[in-house]
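final_36.txt (compact mmCIF, C-alpha atoms)
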# COMPACT_ATOMS: atom_id res chain seq x y z
CA MET A 1 14.12 2.24 13.28
CA GLU A 2 16.63 0.26 11.30
CA HIS A 3 18.62 3.27 10.16
CA ALA A 4 21.27 4.91 12.30
CA ALA A 5 19.80 8.38 11.63
CA VAL A 6 16.41 7.32 12.99
CA SER A 7 18.01 5.70 16.03
CA SER A 8 20.01 8.86 16.67
CA VAL A 9 16.85 11.01 16.54
CA GLU A 10 15.07 8.64 18.91
CA THR A 11 17.93 8.68 21.40
CA SER A 12 18.31 12.45 21.38
CA ALA A 13 14.55 13.03 21.66
CA ILE A 14 14.20 10.81 24.73
CA ARG A 15 17.33 12.28 26.30
CA LYS A 16 16.01 15.83 25.88
CA VAL A 17 12.64 14.92 27.40
CA ALA A 18 14.42 13.24 30.31
CA TRP A 19 16.61 16.28 30.99
CA ARG A 20 14.20 19.13 30.23
CA LEU A 21 10.94 17.87 31.76
CA VAL A 22 11.55 15.10 34.29
CA PRO A 23 13.77 17.05 36.78
CA PHE A 24 11.36 19.99 36.80
CA VAL A 25 8.22 17.87 37.26
CA ALA A 26 10.09 15.81 39.88
CA LEU A 27 10.91 19.03 41.75
CA MET A 28 7.20 19.90 41.69
CA PHE A 29 6.45 16.42 43.09
CA PHE A 30 9.16 16.89 45.76
CA ILE A 31 7.49 20.05 47.04
CA ASN A 32 4.04 18.47 46.70
CA TYR A 33 4.91 15.49 48.86
CA LEU A 34 6.81 17.65 51.39
CA ASP A 35 3.82 19.96 51.85
CA ARG A 36 1.33 17.15 52.36
CA THR A 37 3.57 15.27 54.84
CA ALA A 38 4.91 18.32 56.73
CA ILE A 39 2.27 17.60 59.35
CA SER A 40 4.16 14.42 60.31
CA PHE A 41 7.25 16.47 61.24
CA ALA A 42 5.19 19.09 63.11
CA ALA A 43 3.25 16.55 65.19
CA PRO A 44 5.95 15.32 67.62
CA ASN A 45 7.70 18.71 67.68
CA GLY A 46 5.08 20.88 69.33
CA MET A 47 1.98 20.84 67.12
CA ASN A 48 0.18 17.97 68.88
CA ALA A 49 0.94 19.51 72.28
CA ASP A 50 -0.02 23.06 71.27
CA LEU A 51 -3.29 21.96 69.66
CA ALA A 52 -3.99 19.22 72.27
CA LEU A 53 -4.28 16.43 69.66
CA SER A 54 -4.64 12.75 70.51
CA ALA A 55 -3.15 10.11 68.17
CA ALA A 56 -6.60 9.56 66.63
CA GLN A 57 -7.12 13.30 66.09
CA PHE A 58 -3.70 13.61 64.46
CA GLY A 59 -4.50 10.59 62.29
CA PHE A 60 -7.82 12.16 61.28
CA ALA A 61 -6.10 15.46 60.44
CA SER A 62 -3.53 13.55 58.37
CA GLY A 63 -6.18 11.59 56.53
CA ILE A 64 -8.86 14.23 55.91
CA PHE A 65 -6.51 15.72 53.31
CA PHE A 66 -7.51 12.84 51.06
CA VAL A 67 -11.25 13.53 51.34
CA GLY A 68 -10.92 16.82 49.48
CA TYR A 69 -8.33 15.25 47.19
CA ILE A 70 -10.61 12.35 46.29
CA LEU A 71 -13.67 14.51 45.61
CA LEU A 72 -11.94 16.55 42.91
CA GLU A 73 -9.36 14.08 41.58
CA VAL A 74 -11.16 12.87 38.44
CA PRO A 75 -12.68 16.28 37.52
CA SER A 76 -9.26 17.90 37.96
CA ASN A 77 -7.52 15.43 35.70
CA LEU A 78 -10.20 15.80 33.03
CA ALA A 79 -9.69 19.57 33.26
CA LEU A 80 -5.96 19.02 32.73
CA HIS A 81 -6.76 16.94 29.65
CA ARG A 82 -8.98 19.75 28.36
CA PHE A 83 -6.96 22.87 29.24
CA GLY A 84 -3.42 21.48 29.06
CA ALA A 85 -0.86 20.46 31.68
CA ARG A 86 1.08 23.72 31.66
CA LYS A 87 -1.81 25.87 32.87
CA TRP A 88 -3.45 23.29 35.10
CA LEU A 89 -0.38 22.02 36.98
CA ALA A 90 0.76 25.62 37.54
CA ARG A 91 -2.68 26.54 38.88
CA ILE A 92 -2.66 23.56 41.25
CA MET A 93 0.76 24.45 42.65
CA VAL A 94 -0.06 28.08 43.40
CA SER A 95 -3.39 27.06 44.98
CA TRP A 96 -1.91 24.46 47.31
CA GLY A 97 1.01 26.77 48.19
CA ILE A 98 -1.41 29.44 49.42
CA VAL A 99 -3.35 26.91 51.53
CA ALA A 100 -0.13 25.38 52.88
CA LEU A 101 1.00 28.83 53.99
CA LEU A 102 -2.09 29.21 56.18
CA PHE A 103 -0.96 26.27 58.38
CA THR A 104 1.51 28.75 59.88
CA TRP A 105 -1.33 30.33 61.87
CA VAL A 106 -3.61 27.33 62.67
CA ASP A 107 -4.80 27.51 66.29
CA SER A 108 -7.20 24.60 66.86
CA ALA A 109 -7.92 21.00 65.91
CA GLY A 110 -10.95 22.17 63.90
CA GLY A 111 -8.83 24.68 62.02
CA LEU A 112 -6.28 21.98 61.30
CA TYR A 113 -8.98 19.67 59.93
CA PHE A 114 -10.33 22.44 57.68
CA LEU A 115 -6.92 23.36 56.27
CA ARG A 116 -5.96 19.74 55.65
CA PHE A 117 -9.25 19.26 53.78
CA MET A 118 -8.66 22.40 51.71
CA LEU A 119 -5.07 21.35 50.99
CA GLY A 120 -6.48 18.16 49.46
CA VAL A 121 -8.94 20.20 47.38
CA ALA A 122 -6.11 22.44 46.16
CA GLU A 123 -3.74 19.55 45.34
CA ALA A 124 -6.37 17.37 43.64
CA GLY A 125 -5.20 16.16 40.27
CA PHE A 126 -1.53 17.04 40.61
CA PHE A 127 -0.02 13.57 40.93
CA PRO A 128 -2.13 11.78 38.28
CA GLY A 129 -1.78 14.88 36.12
CA ALA A 130 2.00 14.70 36.36
CA ILE A 131 1.95 10.97 35.57
CA LEU A 132 -0.32 11.54 32.58
CA PHE A 133 1.74 14.51 31.40
CA LEU A 134 5.00 12.53 31.35
CA SER A 135 3.28 9.52 29.78
CA LEU A 136 2.13 11.72 26.88
CA TRP A 137 5.72 12.71 26.11
CA VAL A 138 7.37 9.30 25.63
CA PRO A 139 6.45 6.00 23.95
CA ALA A 140 5.42 3.14 26.23
CA ARG A 141 8.78 1.34 26.11
CA TYR A 142 10.45 4.34 27.80
CA ARG A 143 7.83 5.09 30.44
CA SER A 144 9.24 2.84 33.17
CA ARG A 145 12.57 4.69 32.94
CA ILE A 146 10.99 8.16 32.81
CA LEU A 147 8.53 7.48 35.64
CA ALA A 148 11.31 5.99 37.78
CA LEU A 149 13.33 9.19 37.44
CA PHE A 150 10.21 11.18 38.34
CA TYR A 151 9.40 8.93 41.30
CA LEU A 152 12.86 9.37 42.79
CA ALA A 153 11.54 12.69 44.10
CA GLN A 154 9.24 10.94 46.59
CA PRO A 155 11.79 9.06 48.75
CA LEU A 156 14.25 11.94 48.33
CA THR A 157 11.59 14.25 49.78
CA THR A 158 12.08 12.52 53.11
CA VAL A 159 15.85 12.12 52.72
CA ILE A 160 16.17 15.88 52.24
CA GLY A 161 12.87 17.04 53.72
CA ALA A 162 13.16 15.44 57.18
CA PRO A 163 16.48 17.16 58.05
CA LEU A 164 15.21 20.36 56.38
CA ALA A 165 12.04 20.27 58.48
CA ALA A 166 14.13 19.67 61.61
CA LEU A 167 16.35 22.62 60.71
CA LEU A 168 13.35 24.92 60.29
CA ILE A 169 11.72 23.65 63.49
CA GLN A 170 14.90 24.45 65.42
CA HIS A 171 14.34 28.16 64.66
CA ASP A 172 11.77 28.37 67.42
CA GLY A 173 10.67 31.98 67.92
CA ALA A 174 13.20 33.35 65.41
CA PHE A 175 10.61 34.46 62.83
CA PHE A 176 8.15 36.98 64.33
CA GLY A 177 7.98 34.79 67.42
CA LEU A 178 6.52 31.80 65.55
CA ALA A 179 6.89 28.38 67.15
CA GLY A 180 9.36 26.18 65.30
CA TRP A 181 6.71 23.90 63.82
CA ARG A 182 4.81 26.94 62.51
CA PHE A 183 7.95 28.35 60.90
CA MET A 184 8.48 24.95 59.27
CA PHE A 185 5.04 25.15 57.61
CA PHE A 186 5.88 28.65 56.35
CA GLY A 187 9.24 27.54 54.98
CA VAL A 188 7.90 24.62 52.94
CA ALA A 189 4.86 26.51 51.53
CA ILE A 190 6.59 29.44 49.83
CA PRO A 191 8.48 27.27 47.25
CA ALA A 192 5.18 25.82 45.97
CA ILE A 193 3.86 29.27 45.06
CA LEU A 194 7.11 30.33 43.39
CA LEU A 195 7.54 27.10 41.41
CA GLY A 196 3.91 27.20 40.28
CA ILE A 197 4.52 30.61 38.70
CA VAL A 198 7.67 29.30 36.99
CA ALA A 199 5.78 26.21 35.72
CA TRP A 200 3.35 28.44 33.78
CA PHE A 201 6.24 29.62 31.59
CA TYR A 202 8.46 26.53 31.61
CA LEU A 203 6.21 23.55 30.84
CA VAL A 204 5.08 22.63 27.31
CA ASP A 205 1.92 20.64 26.67
CA ARG A 206 3.09 18.45 23.78
CA PRO A 207 6.19 17.63 21.71
CA ALA A 208 4.96 19.61 18.69
CA ASP A 209 5.17 22.82 20.76
CA ALA A 210 8.63 22.23 22.25
CA ARG A 211 11.16 24.74 20.91
CA TRP A 212 14.00 22.70 22.40
CA LEU A 213 13.27 19.74 20.09
CA THR A 214 14.49 19.66 16.49
CA ALA A 215 11.96 19.20 13.69
CA GLU A 216 13.09 15.56 13.29
CA GLU A 217 12.70 14.87 17.01
CA LYS A 218 9.22 16.42 17.06
CA THR A 219 8.19 14.32 14.07
CA TRP A 220 9.53 11.09 15.57
CA LEU A 221 7.87 11.61 18.97
CA THR A 222 4.55 12.71 17.49
CA THR A 223 4.47 9.80 15.03
CA GLU A 224 5.33 7.20 17.70
CA LEU A 225 2.77 8.53 20.17
CA GLU A 226 0.03 8.73 17.53
CA ARG A 227 0.80 5.16 16.42
CA GLU A 228 0.44 3.90 20.00
CA SER A 229 -2.75 5.88 20.42
CA ARG A 230 -4.30 4.26 17.35
CA GLN A 231 -3.36 0.80 18.60
CA LYS A 232 -5.01 1.38 21.97
CA LEU A 233 -8.08 3.18 20.77
CA GLY A 234 -9.18 1.12 17.82
CA ALA A 235 -12.42 2.33 16.27
CA ASN A 236 -14.22 5.17 18.04
CA GLN A 237 -12.99 4.22 21.53
CA GLU A 238 -11.84 7.76 22.26
CA LYS A 239 -15.49 8.80 22.53
CA LYS A 240 -16.01 6.43 25.47
CA GLY A 241 -13.78 8.43 27.84
CA LEU A 242 -15.17 8.13 31.34
CA LYS A 243 -17.31 5.11 30.51
CA GLN A 244 -14.33 3.12 29.26
CA ALA A 245 -12.29 3.87 32.37
CA PHE A 246 -15.06 3.31 34.91
CA SER A 247 -16.32 0.08 33.33
CA SER A 248 -12.90 -1.57 33.03
CA GLY A 249 -12.39 -4.42 35.48
CA ARG A 250 -8.65 -4.08 34.97
CA VAL A 251 -8.77 -0.43 36.07
CA TRP A 252 -10.62 -1.39 39.26
CA ALA A 253 -8.11 -4.16 39.97
CA LEU A 254 -5.29 -1.64 39.61
CA CYS A 255 -7.18 0.58 42.05
CA GLY A 256 -7.04 -2.21 44.64
CA ILE A 257 -3.33 -2.83 44.10
CA TYR A 258 -2.53 0.85 44.44
CA PHE A 259 -4.66 1.05 47.59
CA GLY A 260 -2.44 -1.54 49.27
CA PHE A 261 0.81 0.26 48.44
CA ILE A 262 -0.49 3.72 49.37
CA TYR A 263 -1.84 2.46 52.69
CA GLY A 264 1.68 1.33 53.58
CA LEU A 265 3.32 4.46 52.18
CA TYR A 266 1.29 6.93 54.22
CA ALA A 267 1.24 4.85 57.40
CA LEU A 268 5.03 5.18 57.31
CA ALA A 269 5.07 8.81 56.18
CA PHE A 270 2.68 10.09 58.83
CA PHE A 271 3.73 7.98 61.81
CA LEU A 272 7.43 7.17 61.35
CA PRO A 273 8.58 10.42 63.06
CA THR A 274 6.24 9.64 65.97
CA ILE A 275 7.47 6.03 66.17
CA ILE A 276 11.06 7.29 66.25
CA GLY A 277 10.07 9.76 68.96
CA GLY A 278 8.90 6.75 71.00
CA PHE A 279 12.31 5.03 70.91
CA GLU A 280 13.25 6.84 74.14
CA ALA A 281 10.49 5.12 76.12
CA GLN A 282 10.84 1.81 74.26
CA PHE A 283 14.61 1.41 74.23
CA GLY A 284 15.82 3.99 76.76
CA THR A 285 17.61 6.04 74.09
CA HIS A 286 17.58 9.79 73.54
CA PHE A 287 17.88 11.63 70.22
CA GLY A 288 17.99 15.36 69.54
CA LEU A 289 15.68 17.07 67.05
CA MET A 290 18.16 16.99 64.17
CA GLN A 291 19.09 13.38 64.98
CA LYS A 292 15.41 12.39 64.77
CA GLY A 293 15.16 14.14 61.41
CA LEU A 294 18.17 12.26 60.09
CA ILE A 295 16.87 8.92 61.43
CA THR A 296 13.53 9.56 59.73
CA ALA A 297 15.43 10.04 56.46
CA VAL A 298 17.43 6.79 56.80
CA PRO A 299 14.92 4.37 55.18
CA TYR A 300 14.37 6.57 52.15
CA LEU A 301 17.89 6.86 50.74
CA PRO A 302 18.20 3.08 50.18
CA ALA A 303 14.62 3.22 48.87
CA ALA A 304 15.65 5.75 46.22
CA ILE A 305 18.59 3.55 45.17
CA VAL A 306 16.46 0.39 45.01
CA LEU A 307 13.76 2.29 43.07
CA TYR A 308 16.30 3.31 40.43
CA PHE A 309 17.88 -0.10 39.88
CA TRP A 310 14.62 -2.07 40.14
CA SER A 311 12.99 0.18 37.54
CA ARG A 312 16.09 -0.03 35.37
CA ASP A 313 15.71 -3.82 35.35
CA ALA A 314 12.01 -3.42 34.55
CA THR A 315 12.87 -1.17 31.61
CA ARG A 316 15.39 -3.71 30.32
CA ARG A 317 13.13 -6.76 30.65
CA GLY A 318 9.76 -5.08 30.26
CA VAL A 319 7.62 -4.72 33.40
CA ARG A 320 6.70 -8.19 34.71
CA SER A 321 4.15 -9.09 37.36
CA TRP A 322 6.93 -9.92 39.82
CA HIS A 323 8.36 -6.40 39.51
CA ILE A 324 5.26 -5.33 41.46
CA ALA A 325 4.13 -8.46 43.35
CA LEU A 326 7.51 -9.37 44.88
CA PRO A 327 7.99 -5.94 46.54
CA ALA A 328 4.40 -6.14 47.83
CA PHE A 329 5.01 -9.45 49.59
CA THR A 330 8.39 -8.31 50.91
CA GLY A 331 6.84 -5.20 52.42
CA ALA A 332 3.96 -7.22 53.85
CA LEU A 333 6.45 -9.32 55.87
CA SER A 334 8.86 -6.56 56.91
CA VAL A 335 6.21 -4.23 58.38
CA PRO A 336 5.09 -6.51 61.23
CA LEU A 337 8.64 -7.87 61.74
CA ALA A 338 9.82 -4.34 62.55
CA LEU A 339 7.69 -4.48 65.70
CA TYR A 340 9.74 -7.32 67.14
CA MET A 341 13.21 -5.85 66.72
CA GLU A 342 15.19 -5.27 69.90
CA SER A 343 17.03 -2.05 69.05
CA PRO A 344 16.39 1.23 67.19
CA ALA A 345 18.89 0.22 64.49
CA ALA A 346 17.18 -3.12 63.82
CA THR A 347 13.75 -1.48 63.77
CA ILE A 348 14.88 1.13 61.26
CA ALA A 349 16.52 -1.62 59.16
CA MET A 350 13.18 -3.45 58.81
CA ILE A 351 11.34 -0.21 58.09
CA THR A 352 13.97 0.46 55.41
CA ILE A 353 13.08 -2.84 53.74
CA THR A 354 9.42 -1.78 53.74
CA ALA A 355 10.25 1.60 52.19
CA CYS A 356 12.42 -0.08 49.53
CA SER A 357 9.57 -2.46 48.70
CA ILE A 358 6.97 0.28 48.26
CA PHE A 359 9.15 2.53 46.12
CA ALA A 360 10.48 -0.33 43.98
CA ALA A 361 6.94 -1.16 42.90
CA LEU A 362 5.25 2.22 42.40
CA PRO A 363 6.93 3.62 39.24
CA ASN A 364 6.56 0.27 37.51
CA PHE A 365 2.92 0.07 38.57
CA TRP A 366 2.20 3.39 36.85
CA THR A 367 3.31 2.06 33.46
CA LEU A 368 0.27 -0.25 33.43
CA PRO A 369 -2.80 2.04 33.02
CA THR A 370 -1.57 3.90 29.91
CA ARG A 371 -0.96 0.60 28.11
CA PHE A 372 -4.65 0.07 27.47
CA LEU A 373 -6.18 3.54 27.98
CA ASP A 374 -5.72 6.71 25.96
CA GLY A 375 -7.10 10.22 25.62
CA ALA A 376 -9.91 11.12 28.00
CA ALA A 377 -10.10 7.49 29.13
CA ALA A 378 -6.44 7.62 30.22
CA ALA A 379 -7.01 10.88 32.10
CA ALA A 380 -10.06 9.44 33.85
CA GLY A 381 -8.48 6.02 34.46
CA VAL A 382 -5.25 7.35 35.96
CA ALA A 383 -7.24 9.76 38.14
CA LEU A 384 -9.65 7.01 39.23
CA ILE A 385 -6.80 4.69 40.25
CA ASN A 386 -5.14 7.49 42.17
CA THR A 387 -8.48 8.46 43.75
CA ILE A 388 -9.27 4.97 45.03
CA GLY A 389 -5.67 4.49 46.07
CA ASN A 390 -5.74 7.72 48.00
CA ILE A 391 -8.71 6.53 50.02
CA ALA A 392 -5.90 4.54 51.62
CA GLY A 393 -4.21 7.83 52.45
CA PHE A 394 -7.20 8.78 54.57
CA SER A 395 -7.69 5.26 55.92
CA SER A 396 -4.08 4.71 56.91
CA GLY A 397 -3.81 8.01 58.78
CA TYR A 398 -7.08 7.68 60.66
CA LEU A 399 -7.04 3.91 61.27
CA THR A 400 -3.40 3.83 62.37
CA GLY A 401 -4.08 6.55 64.94
CA ALA A 402 -7.39 5.05 66.07
CA LEU A 403 -5.99 1.52 66.36
CA HIS A 404 -3.02 2.89 68.30
CA ASP A 405 -5.34 4.57 70.79
CA LEU A 406 -7.49 1.43 71.13
CA SER A 407 -4.65 -1.09 71.42
CA GLY A 408 -2.09 1.07 73.18
CA GLY A 409 0.65 0.55 70.61
CA TYR A 410 1.55 0.17 66.94
CA THR A 411 1.41 -3.66 66.75
CA VAL A 412 -2.17 -3.94 65.47
CA PRO A 413 -1.91 -0.96 63.06
CA MET A 414 1.29 -2.30 61.46
CA PHE A 415 -0.18 -5.78 60.99
CA VAL A 416 -3.04 -4.08 59.13
CA VAL A 417 -0.47 -2.35 56.91
CA GLY A 418 1.15 -5.72 56.16
CA GLY A 419 -2.23 -7.22 55.30
CA PHE A 420 -3.04 -4.54 52.75
CA MET A 421 0.36 -4.89 51.10
CA ALA A 422 -0.12 -8.66 50.85
CA MET A 423 -3.49 -7.99 49.21
CA ALA A 424 -1.76 -5.81 46.60
CA GLY A 425 0.66 -8.63 45.75
CA ILE A 426 -2.12 -11.21 45.42
CA MET A 427 -4.20 -8.96 43.18
CA MET A 428 -1.19 -8.27 40.96
CA LEU A 429 -0.68 -11.99 40.44
CA ILE A 430 -4.38 -12.44 39.64
CA ILE A 431 -4.58 -9.75 36.95
CA SER A 432 -1.27 -10.89 35.43
CA ARG A 433 -3.09 -14.04 34.29
CA GLU A 434 -5.21 -11.99 31.88
CA PRO A 435 -4.20 -12.51 28.24
CA ALA A 436 -2.40 -9.67 26.48
CA THR A 437 -4.41 -7.46 24.13
CA PRO A 438 -3.30 -7.14 20.51
CA SER A 439 -1.88 -3.67 21.18
CA ARG A 440 0.34 -5.04 23.92
CA ARG A 441 1.59 -7.92 21.78
CA ALA A 442 2.50 -5.47 19.07
CA THR A 443 5.23 -3.81 21.15
CA PRO A 444 7.87 -6.25 22.40
CA HIS A 445 9.56 -3.64 24.63
CA ASN A 446 6.27 -2.98 26.38
CA ALA A 447 5.79 -6.42 27.86
CA THR A 448 2.63 -7.02 29.84
CA ALA A 449 2.82 -7.41 33.55
CA GLY A 450 1.94 -11.08 33.32
CA HIS A 451 4.60 -12.14 30.86
Do you think you could lay out the structure here as structure tokens?
Amino acid sequence: MEHAAVSSVETSAIRKVAWRLVPFVALMFFINYLDRTAISFAAPNGMNADLALSAAQFGFASGIFFVGYILLEVPSNLALHRFGARKWLARIMVSWGIVALLFTWVDSAGGLYFLRFMLGVAEAGFFPGAILFLSLWVPARYRSRILALFYLAQPLTTVIGAPLAALLIQHDGAFFGLAGWRFMFFGVAIPAILLGIVAWFYLVDRPADARWLTAEEKTWLTTELERESRQKLGANQEKKGLKQAFSSGRVWALCGIYFGFIYGLYALAFFLPTIIGGFEAQFGTHFGLMQKGLITAVPYLPAAIVLYFWSRDATRRGVRSWHIALPAFTGALSVPLALYMESPAATIAMITITACSIFAALPNFWTLPTRFLDGAAAAAGVALINTIGNIAGFSSGYLTGALHDLSGGYTVPMFVVGGFMAMAGIMMLIISREPATPSRRATPHNATAGH
């Protein structure tokens, strides 16, 4: 890469990948996260009352999504590795869009449980598949930047999605007499089906097949990615696949770290609208439906900004252990402190710090697995980490609701959230002490988390 011509090809290739693939996959992620968290907007706006749900029942409905998701996560990602991202991600989107549409007509707690379970089955493999797909398009030294741009979709889902959900909910009875929360489910499901159809024609599985890359750009990307693959695989490691991923202590440690972050993420996602709805009783304030939607969005706009600049620093320095551990400890402190604030503004400010902490860490975290796994092992490893992490999605929904019902408030549940985030920070510091492998030392830009 000493010659200007080579540097120019590298720059243009990465720029094209960033512009042609990342926004589209991020839009898919936006709709994905909106569909799975739409239940949190429906709950305080008529769904819980219409279906006679307690906090524990709502928490169970929120969390059972992850049971179906977990069961099919690894098989789905291996299928993506076998059949290609274009077909598999498109299939996933259309499937979950159809299931999400059925929430419009749910009429019982049992029906809600069943649809949430089936939504998890339909969505299984999407997120790790998207991570793996983007990782296969850029060399390791660019992944922090690319994944950060992709991950911006998640906080922006709430920034845009919460007011959008409130707007749809306000149309109570306007669409064939549907209650506002039912119309909201309808409105957020249709885009998944449409975008899934578009994805079938738009996505490309690998650089060699991309018509929008020049021959030089294809050659550079393919050569770089194959070189990295050889460094990671060594002799005959590709044949290990599942065994390599499931027997790696480092993979299981990353599972634990991800569990801590996801527990905090979904505790906020599922219960923040309900917590905001409780401000009236707690502080004597009153907010309209659209105001509640906007307040729910408040923590996530700063989170998107922090995510971008934190990941930009990680790209410049190489991802260090503190890029992940420091946000974990910050979030662990801010979650319980939010309970002791004396106004809605102060409470939201502390919750904002928590959201910033979670989203600062996540895109940098996802650069770690593909540093030492490749091929089928990477597909299985990324899916396994996401599977174990998403057990937290079930746990946080159910336990937060159950602990609320048992204790009569959110103090105990939020201290549990802080504890799991602290665990994630401690585990990150522990695994950062592991020595770098030869393949990691060979790429200065791709610094290990412990350096």
Within 12 Å of file point (-9.6, 7.3, 63.3), counting all atoms listed in the file, expressed as an NGL selection string:
:A and (54-64 or 394-406 or 413)
Write out, as a PDB file, in the frame of the given file, the residues just selected, with C-alpha atoms.
ATOM      1  CA  SER A  54      -4.640  12.750  70.510  1.00  0.00           C
ATOM      2  CA  ALA A  55      -3.150  10.110  68.170  1.00  0.00           C
ATOM      3  CA  ALA A  56      -6.600   9.560  66.630  1.00  0.00           C
ATOM      4  CA  GLN A  57      -7.120  13.300  66.090  1.00  0.00           C
ATOM      5  CA  PHE A  58      -3.700  13.610  64.460  1.00  0.00           C
ATOM      6  CA  GLY A  59      -4.500  10.590  62.290  1.00  0.00           C
ATOM      7  CA  PHE A  60      -7.820  12.160  61.280  1.00  0.00           C
ATOM      8  CA  ALA A  61      -6.100  15.460  60.440  1.00  0.00           C
ATOM      9  CA  SER A  62      -3.530  13.550  58.370  1.00  0.00           C
ATOM     10  CA  GLY A  63      -6.180  11.590  56.530  1.00  0.00           C
ATOM     11  CA  ILE A  64      -8.860  14.230  55.910  1.00  0.00           C
ATOM     12  CA  PHE A 394      -7.200   8.780  54.570  1.00  0.00           C
ATOM     13  CA  SER A 395      -7.690   5.260  55.920  1.00  0.00           C
ATOM     14  CA  SER A 396      -4.080   4.710  56.910  1.00  0.00           C
ATOM     15  CA  GLY A 397      -3.810   8.010  58.780  1.00  0.00           C
ATOM     16  CA  TYR A 398      -7.080   7.680  60.660  1.00  0.00           C
ATOM     17  CA  LEU A 399      -7.040   3.910  61.270  1.00  0.00           C
ATOM     18  CA  THR A 400      -3.400   3.830  62.370  1.00  0.00           C
ATOM     19  CA  GLY A 401      -4.080   6.550  64.940  1.00  0.00           C
ATOM     20  CA  ALA A 402      -7.390   5.050  66.070  1.00  0.00           C
ATOM     21  CA  LEU A 403      -5.990   1.520  66.360  1.00  0.00           C
ATOM     22  CA  HIS A 404      -3.020   2.890  68.300  1.00  0.00           C
ATOM     23  CA  ASP A 405      -5.340   4.570  70.790  1.00  0.00           C
ATOM     24  CA  LEU A 406      -7.490   1.430  71.130  1.00  0.00           C
ATOM     25  CA  PRO A 413      -1.910  -0.960  63.060  1.00  0.00           C
TER      26      PRO A 413
END
For A:Thr158, which of A:Leu265, A:Ala189, A:Leu326, A:Val382 is the closest residue, counting all atoms listed in the file?
A:Leu265
Could you produce a table of the residues of stretch 9-57 of chain A lying within 9 Å of stretch 75-96 of chain A, with the nearest pair of atoms per residue and their separation in Å rounded to one decimal, using only C-alpha atoms, ordered by chain and increasing residue number, as a tab-separated table?
residue	atom	partner	partner_atom	distance
A:Met28	CA	A:Met93	CA	7.9
A:Asn32	CA	A:Met93	CA	7.9
A:Asp35	CA	A:Trp96	CA	8.6
Restricting the calculation to all atoms listed in the file: of A:Asp107, A:Glu224, A:Asp172, A:Asp209, which residue gets closest to A:Met184?
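Result for the nearest residue to A:Met184: A:Asp172.
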Restricting to only C-alpha atoms, whichever of A:Val67, A:Ile388, A:Leu132, A:Ala166 is closest to A:Met118 is A:Val67
Residue neighbourhood A:Leu362, 9 Å, only C-alpha atoms, exclusion window fewer than 6 positions, as a CSV table (one decimal) with C-alpha atoms, in the frame of the given file:
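Once everything was written out, this is selection.csv:
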chain,number,residue,atom,x,y,z
A,148,ALA,CA,11.3,6.0,37.8
A,151,TYR,CA,9.4,8.9,41.3
A,258,TYR,CA,-2.5,0.8,44.4
A,261,PHE,CA,0.8,0.3,48.4
A,307,LEU,CA,13.8,2.3,43.1
A,324,ILE,CA,5.3,-5.3,41.5
